[in-house]
>>> print(open('start_1.cif').read())   # mmCIF, C-alpha atoms
data_start
loop_
_atom_site.label_atom_id
_atom_site.label_comp_id
_atom_site.auth_asym_id
_atom_site.auth_seq_id
_atom_site.Cartn_x
_atom_site.Cartn_y
_atom_site.Cartn_z
CA MET A 1109 75.87 22.71 -0.11
CA PRO A 1110 78.80 22.07 -2.50
CA ALA A 1111 79.03 18.72 -4.24
CA PRO A 1112 81.44 16.30 -2.52
CA ILE A 1113 84.85 15.75 -4.04
CA ILE A 1114 85.13 12.18 -5.27
CA PRO A 1115 88.68 10.78 -5.26
CA GLU A 1116 90.13 10.09 -8.68
CA VAL A 1117 90.28 6.33 -9.14
CA PRO A 1118 91.85 5.12 -12.40
CA VAL A 1119 89.75 2.73 -14.45
CA THR A 1120 91.57 -0.21 -15.97
CA PRO A 1121 89.69 -1.90 -18.84
CA TRP A 1122 88.48 -5.31 -17.71
CA THR A 1123 86.62 -8.12 -19.46
CA LEU A 1124 85.40 -11.35 -17.90
CA TYR A 1125 86.07 -13.43 -21.00
CA PRO A 1126 89.37 -13.43 -22.94
CA THR A 1127 87.55 -13.21 -26.29
CA ILE A 1128 83.95 -12.71 -27.43
CA ALA A 1129 84.00 -16.29 -28.72
CA ASP A 1130 84.38 -17.44 -25.09
CA ILE A 1131 81.11 -15.80 -23.99
CA PRO A 1132 78.47 -18.51 -23.39
CA GLY A 1133 75.79 -18.72 -26.05
CA LYS A 1134 73.12 -20.17 -23.76
CA GLY A 1135 71.45 -19.01 -20.56
CA PHE A 1136 71.31 -15.34 -21.51
CA LYS A 1137 68.77 -13.26 -23.42
CA GLY A 1138 70.34 -9.82 -23.88
CA ILE A 1139 73.13 -7.31 -23.30
CA GLU A 1140 72.93 -4.12 -21.24
CA VAL A 1141 75.22 -1.11 -21.11
CA GLU A 1142 75.22 0.93 -17.92
CA ALA A 1143 76.83 4.20 -16.81
CA ILE A 1144 78.61 3.55 -13.52
CA ALA A 1145 79.61 5.90 -10.72
CA ILE A 1146 82.08 5.42 -7.90
CA GLU A 1147 80.98 6.69 -4.49
CA LYS A 1148 82.05 6.44 -0.85
CA ASP A 1149 80.22 4.38 1.73
CA TYR A 1150 80.04 5.37 5.37
CA GLY A 1151 83.16 3.39 6.20
CA GLY A 1152 85.27 5.34 3.74
CA GLN A 1153 85.41 2.50 1.24
CA LEU A 1154 84.67 2.92 -2.45
CA TYR A 1155 81.87 1.07 -4.16
CA CYS A 1156 80.16 1.23 -7.55
CA THR A 1157 76.57 2.18 -8.15
CA ARG A 1158 74.51 2.43 -11.31
CA LEU A 1159 74.07 6.00 -12.52
CA VAL A 1160 70.49 6.33 -13.69
CA PHE A 1161 68.53 9.40 -12.69
CA SER A 1162 70.58 12.54 -12.03
CA PRO A 1163 74.02 14.00 -11.19
CA GLU A 1164 73.28 13.27 -7.53
CA ASP A 1165 74.04 9.63 -8.31
CA GLY A 1166 77.39 10.44 -9.98
CA PRO A 1167 79.92 11.31 -11.05
CA LEU A 1168 80.32 9.03 -14.05
CA LYS A 1169 83.41 6.89 -13.70
CA MET A 1170 83.11 4.10 -16.24
CA CYS A 1171 80.65 2.16 -18.37
CA SER A 1172 79.96 -1.51 -17.82
CA VAL A 1173 78.49 -4.25 -19.99
CA TYR A 1174 76.19 -6.90 -18.52
CA LEU A 1175 74.59 -10.10 -19.79
CA ARG A 1176 70.94 -10.45 -18.79
CA GLU A 1177 70.22 -14.02 -17.68
CA GLU A 1178 67.10 -15.79 -18.88
CA GLY A 1179 66.12 -16.14 -15.22
CA GLY A 1180 66.34 -12.36 -14.67
CA GLY A 1181 69.77 -11.94 -13.09
CA ALA A 1182 72.72 -10.05 -14.59
CA VAL A 1183 76.42 -10.83 -14.98
CA CYS A 1184 79.00 -8.07 -15.55
CA ILE A 1185 81.34 -9.03 -18.38
CA ALA A 1186 83.23 -5.75 -18.91
CA ASP A 1187 84.20 -2.50 -17.18
CA LEU A 1188 85.45 0.06 -19.71
CA PRO A 1189 86.64 3.68 -19.31
CA THR A 1190 84.35 5.27 -21.92
CA LYS A 1191 80.81 4.86 -23.25
CA GLU A 1192 82.21 4.52 -26.76
CA GLU A 1193 84.28 1.49 -25.77
CA ALA A 1194 81.42 -0.07 -23.80
CA ILE A 1195 78.86 0.40 -26.59
CA ALA A 1196 81.29 -0.89 -29.23
CA TYR A 1197 82.03 -3.99 -27.13
CA ALA A 1198 78.32 -4.62 -26.48
CA MET A 1199 77.59 -4.33 -30.21
CA GLU A 1200 80.31 -6.88 -31.00
CA VAL A 1201 78.82 -9.31 -28.49
CA ALA A 1202 75.32 -8.66 -29.86
CA GLU A 1203 76.45 -9.38 -33.40
CA ALA A 1204 78.16 -12.60 -32.35
CA ARG A 1205 75.30 -13.87 -30.17
CA ARG A 1206 72.29 -12.20 -31.89
CA TRP A 1207 71.09 -10.67 -28.61
CA PRO A 1208 69.39 -7.27 -28.27
CA VAL A 1209 71.32 -4.41 -26.65
CA ASN A 1210 69.57 -2.44 -23.90
CA GLY A 1211 70.53 -0.70 -20.65
CA SER A 1212 69.88 2.58 -18.87
CA ILE A 1213 72.68 4.33 -20.79
CA TRP A 1214 70.20 4.75 -23.66
CA HIS A 1215 67.84 6.64 -21.33
CA LEU A 1216 70.39 9.23 -20.21
CA ARG A 1217 70.32 12.78 -21.56
CA ILE A 1218 72.74 15.71 -21.43
CA CYS A 1219 72.04 19.37 -22.17
CA GLU A 1220 73.94 20.93 -25.07
CA VAL A 1221 74.19 24.73 -25.21
CA SER A 1222 75.23 26.38 -28.48
CA GLY A 1223 78.69 27.89 -28.22
CA LYS A 1224 79.35 26.53 -24.73
CA GLY A 1225 79.24 22.76 -24.93
CA TYR A 1226 77.42 20.54 -22.43
CA VAL A 1227 76.16 21.45 -18.96
CA ALA A 1228 78.90 20.02 -16.76
CA ASP A 1229 78.55 17.66 -13.83
CA PRO A 1230 78.34 19.85 -10.68
CA ARG A 1231 81.64 18.44 -9.45
CA GLU A 1232 83.50 19.94 -12.42
CA THR A 1233 85.23 23.30 -11.94
CA THR A 1234 83.45 24.97 -14.87
CA PRO A 1235 79.71 25.17 -15.70
CA PHE A 1236 80.17 23.77 -19.21
CA THR A 1237 82.32 21.07 -20.75
CA LEU A 1238 83.15 19.91 -24.28
CA ASP A 1239 83.48 16.29 -23.12
CA PRO A 1240 80.19 14.40 -22.65
CA ALA A 1241 81.91 12.15 -20.08
CA LYS A 1242 82.07 15.21 -17.79
CA ALA A 1243 78.50 16.36 -18.44
CA ALA A 1244 75.60 16.31 -15.99
CA LEU A 1245 73.59 13.16 -16.72
CA TYR A 1246 69.81 13.02 -16.36
CA HIS A 1247 67.31 10.23 -16.94
CA HIS A 1248 64.95 11.15 -19.78
CA THR A 1249 62.04 11.42 -17.33
CA ILE A 1250 63.87 14.31 -15.60
CA ALA A 1251 65.30 16.01 -18.70
CA LYS A 1252 62.47 18.51 -19.14
CA PRO A 1253 62.63 21.65 -21.34
CA ASP A 1254 62.37 23.97 -18.32
CA LEU A 1255 64.90 22.23 -16.05
CA PHE A 1256 67.46 25.03 -16.51
CA ALA A 1257 64.97 27.90 -16.87
CA GLY A 1258 66.44 31.22 -15.80
CA GLY A 1259 70.04 30.01 -16.05
CA PRO A 1260 72.78 30.09 -18.70
CA ALA A 1261 71.57 26.75 -20.07
CA GLU A 1262 67.96 27.90 -20.46
CA HIS A 1263 68.07 27.65 -24.25
CA GLY A 1264 69.99 24.39 -24.43
CA ARG A 1265 68.70 21.25 -26.04
CA TRP A 1266 68.57 17.73 -24.63
CA ILE A 1267 70.44 15.06 -26.56
CA SER A 1268 71.19 11.39 -25.98
CA PHE A 1269 74.28 10.83 -23.85
CA ALA A 1270 75.06 7.64 -25.77
CA ASP A 1271 75.18 9.54 -29.07
CA ALA A 1272 76.95 12.70 -27.84
CA GLY A 1273 80.42 13.37 -29.24
CA ASN A 1274 83.42 15.10 -27.74
CA HIS A 1275 83.48 18.63 -29.19
CA ALA A 1276 87.18 19.00 -28.39
CA ILE A 1277 88.38 16.24 -30.72
CA ASP A 1278 89.62 17.05 -34.24
CA ARG A 1279 87.41 20.12 -34.56
CA ALA A 1280 89.03 21.33 -37.77
CA ALA A 1281 88.21 18.08 -39.56
CA GLU A 1282 84.66 18.15 -38.17
CA ARG A 1283 84.12 21.70 -39.41
CA GLU A 1284 85.34 20.92 -42.91
CA ALA A 1285 83.31 17.71 -43.08
CA LEU A 1286 80.14 19.58 -42.07
CA LEU A 1287 80.82 22.33 -44.62
CA ASN A 1288 81.41 19.72 -47.33
CA ARG A 1289 78.07 18.06 -46.58
CA VAL A 1290 76.20 21.37 -46.71
CA PHE A 1291 78.01 22.47 -49.90
CA ASP A 1292 77.35 19.15 -51.65
CA ALA A 1293 73.66 19.30 -50.67
CA ALA A 1294 73.37 22.87 -51.98
CA VAL A 1295 75.03 21.95 -55.28
CA ALA A 1296 72.71 18.96 -55.69
CA ALA A 1297 69.65 21.13 -55.00
CA MET A 1298 70.76 23.73 -57.57
CA GLY A 1299 71.01 21.13 -60.31
CA VAL A 1300 72.21 22.49 -63.66
CA SER A 1301 72.42 26.04 -62.27
CA ALA A 1302 75.15 25.03 -59.75
CA PRO A 1303 78.60 26.54 -60.31
CA ALA A 1304 81.16 24.33 -62.01
CA LYS A 1305 83.26 22.22 -59.68
CA GLY A 1306 86.53 23.95 -58.79
CA SER A 1307 85.46 27.29 -60.31
CA SER A 1308 85.86 30.66 -58.59
CA ASP A 1309 82.04 30.85 -58.32
CA ALA A 1310 81.99 27.52 -56.51
CA GLU A 1311 84.67 28.75 -54.11
CA ARG A 1312 82.73 31.96 -53.42
CA MET A 1313 79.59 29.95 -52.75
CA ARG A 1314 81.52 27.67 -50.41
CA GLU A 1315 82.82 30.63 -48.41
CA MET A 1316 79.32 32.12 -48.18
CA LEU A 1317 78.06 28.81 -46.82
CA ARG A 1318 80.96 28.61 -44.35
CA ALA A 1319 79.70 31.65 -42.44
CA ALA A 1320 76.16 30.25 -42.27
CA VAL A 1321 77.35 26.82 -41.17
CA GLU A 1322 79.59 28.27 -38.44
CA ALA A 1323 76.78 30.50 -37.13
CA ASN A 1324 74.44 27.52 -36.76
CA ARG A 1325 76.80 24.86 -35.42
CA SER A 1326 75.56 23.61 -32.07
CA ASP A 1327 79.14 22.87 -30.97
CA ARG A 1328 80.73 26.14 -32.10
CA LEU A 1329 83.01 27.70 -29.53
CA VAL A 1330 82.23 31.11 -28.07
CA VAL A 1331 85.41 32.71 -26.73
CA PHE A 1332 84.98 36.50 -27.01
CA ASP A 1333 82.22 38.94 -26.20
CA VAL A 1334 81.05 41.56 -28.71
CA ASP A 1335 83.51 44.26 -27.57
CA GLN A 1336 86.45 41.87 -27.55
CA ARG A 1337 85.61 40.62 -31.05
CA SER A 1338 85.42 44.21 -32.31
CA VAL A 1339 88.85 45.13 -30.95
CA ILE A 1340 90.44 41.89 -32.20
CA GLU A 1341 88.97 42.25 -35.68
CA GLU A 1342 90.07 45.89 -35.89
CA THR A 1343 93.58 45.04 -34.71
CA LEU A 1344 94.00 42.08 -37.06
CA ASP A 1345 92.55 44.02 -40.00
CA GLU A 1346 95.14 46.75 -39.47
CA ASP A 1347 97.91 44.16 -39.44
CA ARG A 1348 98.71 41.75 -42.31
CA PHE A 1349 95.41 39.87 -42.20
CA GLU A 1350 92.43 40.27 -44.49
CA LEU A 1351 89.22 39.51 -42.59
CA THR A 1352 85.85 38.77 -44.13
CA GLY A 1353 83.91 39.71 -40.99
CA HIS A 1354 82.46 36.20 -40.76
CA GLU A 1355 85.33 34.57 -38.88
CA SER A 1356 84.38 32.30 -36.01
CA ASP A 1357 85.99 32.72 -32.61
CA GLU A 1358 88.10 29.67 -33.43
CA ASP A 1359 89.31 31.38 -36.61
CA LEU A 1360 90.17 34.50 -34.61
CA CYS A 1361 92.20 32.43 -32.14
CA ASP A 1362 94.19 31.00 -35.08
CA LEU A 1363 94.87 34.52 -36.37
CA ILE A 1364 95.76 35.89 -32.93
CA LEU A 1365 98.48 33.25 -32.58
CA ALA A 1366 99.99 34.43 -35.87
CA ALA A 1367 99.88 38.11 -34.88
CA SER A 1368 102.46 40.21 -33.04
CA PRO A 1369 101.94 40.57 -29.26
CA HIS A 1370 102.74 44.28 -29.52
CA ASP A 1371 100.06 44.84 -32.14
CA LEU A 1372 97.40 43.21 -29.98
CA PHE A 1373 98.29 44.35 -26.47
CA ASP A 1374 100.04 47.71 -26.87
CA ASN A 1375 97.95 50.65 -25.66
CA MET A 1376 95.25 48.31 -24.35
CA GLU A 1377 93.49 49.44 -21.15
CA ALA A 1378 94.30 47.29 -18.13
CA ASP A 1379 90.72 46.21 -17.39
CA PHE A 1380 90.11 45.30 -21.02
CA GLU A 1381 93.36 43.32 -21.16
CA ILE A 1382 92.39 41.35 -18.06
CA GLY A 1383 89.02 40.50 -19.59
CA LEU A 1384 90.64 39.43 -22.85
CA LEU A 1385 93.23 37.31 -21.05
CA LYS A 1386 90.47 35.56 -19.08
CA ALA A 1387 88.69 34.84 -22.36
CA LEU A 1388 91.91 33.42 -23.84
CA ALA A 1389 92.31 31.19 -20.77
CA SER A 1390 88.74 29.86 -20.94
CA ASP A 1391 88.00 26.22 -21.78
CA SER A 1392 86.67 27.17 -25.21
CA ALA A 1393 89.78 29.21 -26.04
CA VAL A 1394 92.08 26.43 -24.84
CA VAL A 1395 90.39 23.96 -27.18
CA ALA A 1396 90.67 26.41 -30.10
CA ILE A 1397 94.30 27.30 -29.37
CA GLU A 1398 95.44 23.73 -28.71
CA GLY A 1399 93.72 22.71 -31.96
CA ALA A 1400 95.68 25.38 -33.81
CA ILE A 1401 98.91 24.11 -32.25
CA ASP A 1402 98.10 20.51 -33.20
CA ARG A 1403 97.67 21.62 -36.81
CA SER A 1404 100.84 23.73 -36.73
CA PRO A 1405 103.29 23.42 -33.82
CA LEU A 1406 104.76 26.79 -34.83
CA ALA A 1407 101.56 28.37 -33.48
CA ALA A 1408 103.04 27.96 -29.99
CA GLY A 1409 105.29 30.94 -30.63
CA ARG A 1410 105.72 34.54 -29.50
CA MET A 1411 102.02 35.35 -29.11
CA LEU A 1412 101.22 32.28 -27.01
CA LYS A 1413 104.29 32.93 -24.85
CA SER A 1414 103.13 36.54 -24.37
CA ILE A 1415 99.63 35.41 -23.41
CA HIS A 1416 101.10 32.89 -20.96
CA LEU A 1417 103.37 35.46 -19.29
CA ARG A 1418 100.64 38.11 -19.14
CA LEU A 1419 98.27 35.64 -17.49
CA GLU A 1420 100.89 34.85 -14.85
CA ARG A 1421 101.62 38.52 -14.24
CA ARG A 1422 97.92 39.18 -13.73
CA GLY A 1423 97.63 36.32 -11.26
CA ILE A 1424 95.52 34.22 -13.63
CA GLU A 1425 96.42 30.56 -13.95
CA SER A 1426 97.80 29.90 -17.42
CA PRO A 1427 96.48 26.78 -19.18
CA PHE A 1428 99.43 26.98 -21.59
CA ALA A 1429 102.26 26.52 -19.09
CA GLN A 1430 103.10 23.03 -20.40
CA HIS A 1431 104.29 24.54 -23.68
CA PHE A 1432 107.00 26.52 -21.90
CA ALA A 1433 107.81 24.40 -18.83
CA GLU A 1434 110.89 22.77 -20.38
CA ALA A 1435 112.34 26.07 -21.62
CA GLU A 1436 111.71 27.75 -18.26
CA SER A 1437 113.35 24.83 -16.45
CA GLU A 1438 116.44 25.04 -18.66
CA ALA A 1439 116.63 28.79 -18.12
CA ALA A 1440 116.45 28.35 -14.36
CA ALA A 1441 119.23 25.73 -14.43
CA ALA A 1442 121.56 27.79 -16.61
CA PRO A 1443 124.69 29.06 -14.78
CA ARG A 1444 124.73 32.74 -13.94
CA GLY A 1445 127.78 34.65 -15.15
#
>>> encode(input="start_1.cif", output="structure tokens")
Amino acid sequence: MPAPIIPEVPVTPWTLYPTIADIPGKGFKGIEVEAIAIEKDYGGQLYCTRLVFSPEDGPLKMCSVYLREEGGGAVCIADLPTKEEAIAYAMEVAEARRWPVNGSIWHLRICEVSGKGYVADPRETTPFTLDPAKAALYHHTIAKPDLFAGGPAEHGRWISFADAGNHAIDRAAEREALLNRVFDAAVAAMGVSAPAKGSSDAERMREMLRAAVEANRSDRLVVFDVDQRSVIEETLDEDRFELTGHESDEDLCDLILAASPHDLFDNMEADFEIGLLKALASDSAVVAIEGAIDRSPLAAGRMLKSIHLRLERRGIESPFAQHFAEAESEAAAAPRG
């Protein structure tokens, strides 16, 4: 039976007290952060319920902060759109009032699969997501190693929901920061035998480490299959690009955007083109391509327009339509001579 569609209800940040200084200092013994879902009751009304054990209780809609009374009761003092905001607010209150921070949010786990992201909440349209807020949440007592045995998430790993980051945010900076940490650690371990800072040997060592780091990143994006990678690498190598053979799929997406549409798509078999277009329209590819555009708006040029038009011609929904909507609207409104 398919999961029910839950209506989209916007969450407006709310706090009971105007400032943290206004929160009473007596009568309470702790702070709790909870993941909250919005569901329907039998009368068609919406109500909130605590999300604790599994996706059946969801989907996640917001995170709330409670004060635990000394007598055992609880008072909600904030409803916030994201776990990051809720945890940060709870920590501020804890620092001001010297109360411990608890709550079931610390017991929730999500499954991270290398190259795919997180196992998505069953109400999402795709099986994986890069945003932990859209992941399937499980209480740690349910998050067993064999829960996804036999499926695409069989070899995933369980991580804390509270600590999980959004893989779609500022990926280029994350990649460079990770490489810098690995490089610095390697240089420190080599001691006096390490290459001089800024030397060509140091740069070669850094590039060697880049391939290893990319191959082992748990949040790396997988866009292309082996055959698609082979064709793309061969095509780009014949053009004006010099490939090392260790490029990640994200790197290949950057290079594809800089290539000529004719060089990539000319003489390509129809079935192969359809498969490649579906890969380029996948969630992972969209994150890689949008990241490239954020770094350089010129990346939304001829190749992206060609991909967009080819997707539409093949009857595949294009996730890049927003980049060309204004131009298409102006073209449609232009007088015909």
>>> resolve_selection(input="start_1.cif", expression="the PyMOL selection byres ((chain A and resi 1120) around 9)", output="ChimeraX atom specification")
/A:1118-1119,1121-1122,1187-1189
>>> closest_residue(input="start_1.cif", among="A:Lys1191, A:Ser1390, A:Val1339, A:Ser1212", to="Glu1377 of chain A", atoms="all atoms listed in the file")
A:Val1339
>>> closest_residue(input="start_1.cif", among="A:Cys1361, A:Ala1319, A:Leu1384, A:Val1141", to="Val1334 of chain A", atoms="all atoms listed in the file")
A:Leu1384
>>> residues_around(input="start_1.cif", residues="Gln1336 of chain A", least_positions_apart="4", cutoff="10 Å", atoms="all atoms listed in the file", output="list in words")
Val1331, Phe1332, Ile1340, Glu1341, Glu1342, Phe1380, Glu1381, Gly1383, Leu1384 and Ala1387 of chain A
>>> atom_distance(input="start_1.cif", atom1="atom CA of Ala1389 of chain A", atom2="atom CA of Gly1423 of chain A")
12.0 Å
>>> residues_around(input="start_1.cif", residues="Tyr1246 of chain A", least_positions_apart="5", cutoff="12 Å", atoms="all atoms listed in the file", output="list in words")
Ala1143, Leu1159, Val1160, Phe1161, Ser1162, Pro1163, Glu1164, Asp1165, Gly1166, Pro1167, Leu1168, Ser1212, Ile1213, Trp1214, His1215, Leu1216, Arg1217, Ile1218, Cys1219, Val1227, Ala1228, Asp1229, Ala1251, Lys1252, Leu1255, Trp1266, Ile1267, Ser1268 and Phe1269 of chain A
>>> axis_aligned_box(input="start_1.cif", around="segment 1268-1273 of chain A", padding_each_side="3 Å", output="AutoDock Vina command-line options")
--center_x 75.8 --center_y 10.5 --center_z -26.5 --size_x 15.2 --size_y 11.7 --size_z 11.4
>>> build_atoms(input="start_1.cif", residues="segment 1229-1239 of chain A", atoms="all heavy atoms", output="short mmCIF file (atom, residue, chain, number, x, y, z; two decimals), keeping the file's coordinate frame")
data_model
loop_
_atom_site.label_atom_id
_atom_site.label_comp_id
_atom_site.auth_asym_id
_atom_site.auth_seq_id
_atom_site.Cartn_x
_atom_site.Cartn_y
_atom_site.Cartn_z
N ASP A 1229 78.85 18.26 -15.13
CA ASP A 1229 78.55 17.66 -13.83
C ASP A 1229 78.90 18.69 -12.75
O ASP A 1229 79.91 19.40 -12.86
CB ASP A 1229 79.41 16.40 -13.65
CG ASP A 1229 79.11 15.68 -12.35
OD1 ASP A 1229 79.65 16.11 -11.30
OD2 ASP A 1229 78.36 14.69 -12.36
N PRO A 1230 78.09 18.82 -11.70
CA PRO A 1230 78.34 19.85 -10.68
C PRO A 1230 79.68 19.73 -9.97
O PRO A 1230 80.14 20.68 -9.34
CB PRO A 1230 77.17 19.68 -9.71
CG PRO A 1230 76.62 18.32 -9.98
CD PRO A 1230 76.86 18.07 -11.43
N ARG A 1231 80.34 18.60 -10.09
CA ARG A 1231 81.64 18.44 -9.45
C ARG A 1231 82.77 18.99 -10.30
O ARG A 1231 83.91 19.11 -9.83
CB ARG A 1231 81.90 16.95 -9.15
CG ARG A 1231 80.86 16.36 -8.20
CD ARG A 1231 80.80 14.84 -8.34
NE ARG A 1231 79.66 14.29 -7.63
CZ ARG A 1231 78.42 14.26 -8.10
NH1 ARG A 1231 78.15 14.73 -9.30
NH2 ARG A 1231 77.43 13.76 -7.39
N GLU A 1232 82.49 19.33 -11.56
CA GLU A 1232 83.50 19.94 -12.42
C GLU A 1232 83.73 21.39 -12.00
O GLU A 1232 82.87 22.02 -11.37
CB GLU A 1232 83.06 19.87 -13.88
CG GLU A 1232 82.96 18.46 -14.44
CD GLU A 1232 84.30 17.77 -14.48
OE1 GLU A 1232 85.30 18.42 -14.83
OE2 GLU A 1232 84.35 16.56 -14.18
N THR A 1233 84.88 21.94 -12.36
CA THR A 1233 85.23 23.30 -11.94
C THR A 1233 84.61 24.38 -12.80
O THR A 1233 84.64 25.55 -12.46
CB THR A 1233 86.76 23.47 -11.94
OG1 THR A 1233 87.26 23.19 -13.26
CG2 THR A 1233 87.41 22.52 -10.94
N THR A 1234 84.07 24.01 -13.97
CA THR A 1234 83.45 24.97 -14.87
C THR A 1234 82.01 24.55 -15.16
O THR A 1234 81.68 23.36 -15.08
CB THR A 1234 84.22 25.08 -16.19
OG1 THR A 1234 84.31 23.77 -16.78
CG2 THR A 1234 85.62 25.62 -15.96
N PRO A 1235 81.13 25.50 -15.49
CA PRO A 1235 79.71 25.17 -15.70
C PRO A 1235 79.43 24.40 -16.97
O PRO A 1235 78.40 23.75 -17.09
CB PRO A 1235 79.02 26.54 -15.71
CG PRO A 1235 80.09 27.50 -16.13
CD PRO A 1235 81.36 26.97 -15.54
N PHE A 1236 80.37 24.48 -17.95
CA PHE A 1236 80.17 23.77 -19.21
C PHE A 1236 81.41 22.96 -19.54
O PHE A 1236 82.51 23.26 -19.09
CB PHE A 1236 79.87 24.76 -20.34
CG PHE A 1236 78.57 25.51 -20.15
CD1 PHE A 1236 78.57 26.78 -19.61
CD2 PHE A 1236 77.36 24.92 -20.50
CE1 PHE A 1236 77.38 27.47 -19.42
CE2 PHE A 1236 76.17 25.60 -20.32
CZ PHE A 1236 76.17 26.87 -19.78
N THR A 1237 81.22 21.93 -20.35
CA THR A 1237 82.32 21.07 -20.75
C THR A 1237 82.12 20.65 -22.20
O THR A 1237 80.99 20.57 -22.69
CB THR A 1237 82.40 19.81 -19.86
OG1 THR A 1237 83.44 18.95 -20.35
CG2 THR A 1237 81.10 19.02 -19.89
N LEU A 1238 83.22 20.39 -22.90
CA LEU A 1238 83.15 19.91 -24.28
C LEU A 1238 83.15 18.38 -24.35
O LEU A 1238 82.92 17.80 -25.40
CB LEU A 1238 84.32 20.46 -25.09
CG LEU A 1238 84.40 21.99 -25.17
CD1 LEU A 1238 85.67 22.42 -25.89
CD2 LEU A 1238 83.18 22.57 -25.87
N ASP A 1239 83.38 17.75 -23.20
CA ASP A 1239 83.48 16.29 -23.12
C ASP A 1239 82.21 15.72 -22.49
O ASP A 1239 81.91 16.00 -21.34
CB ASP A 1239 84.70 15.92 -22.26
CG ASP A 1239 84.93 14.42 -22.20
OD1 ASP A 1239 84.11 13.66 -22.73
OD2 ASP A 1239 85.95 14.02 -21.60
#
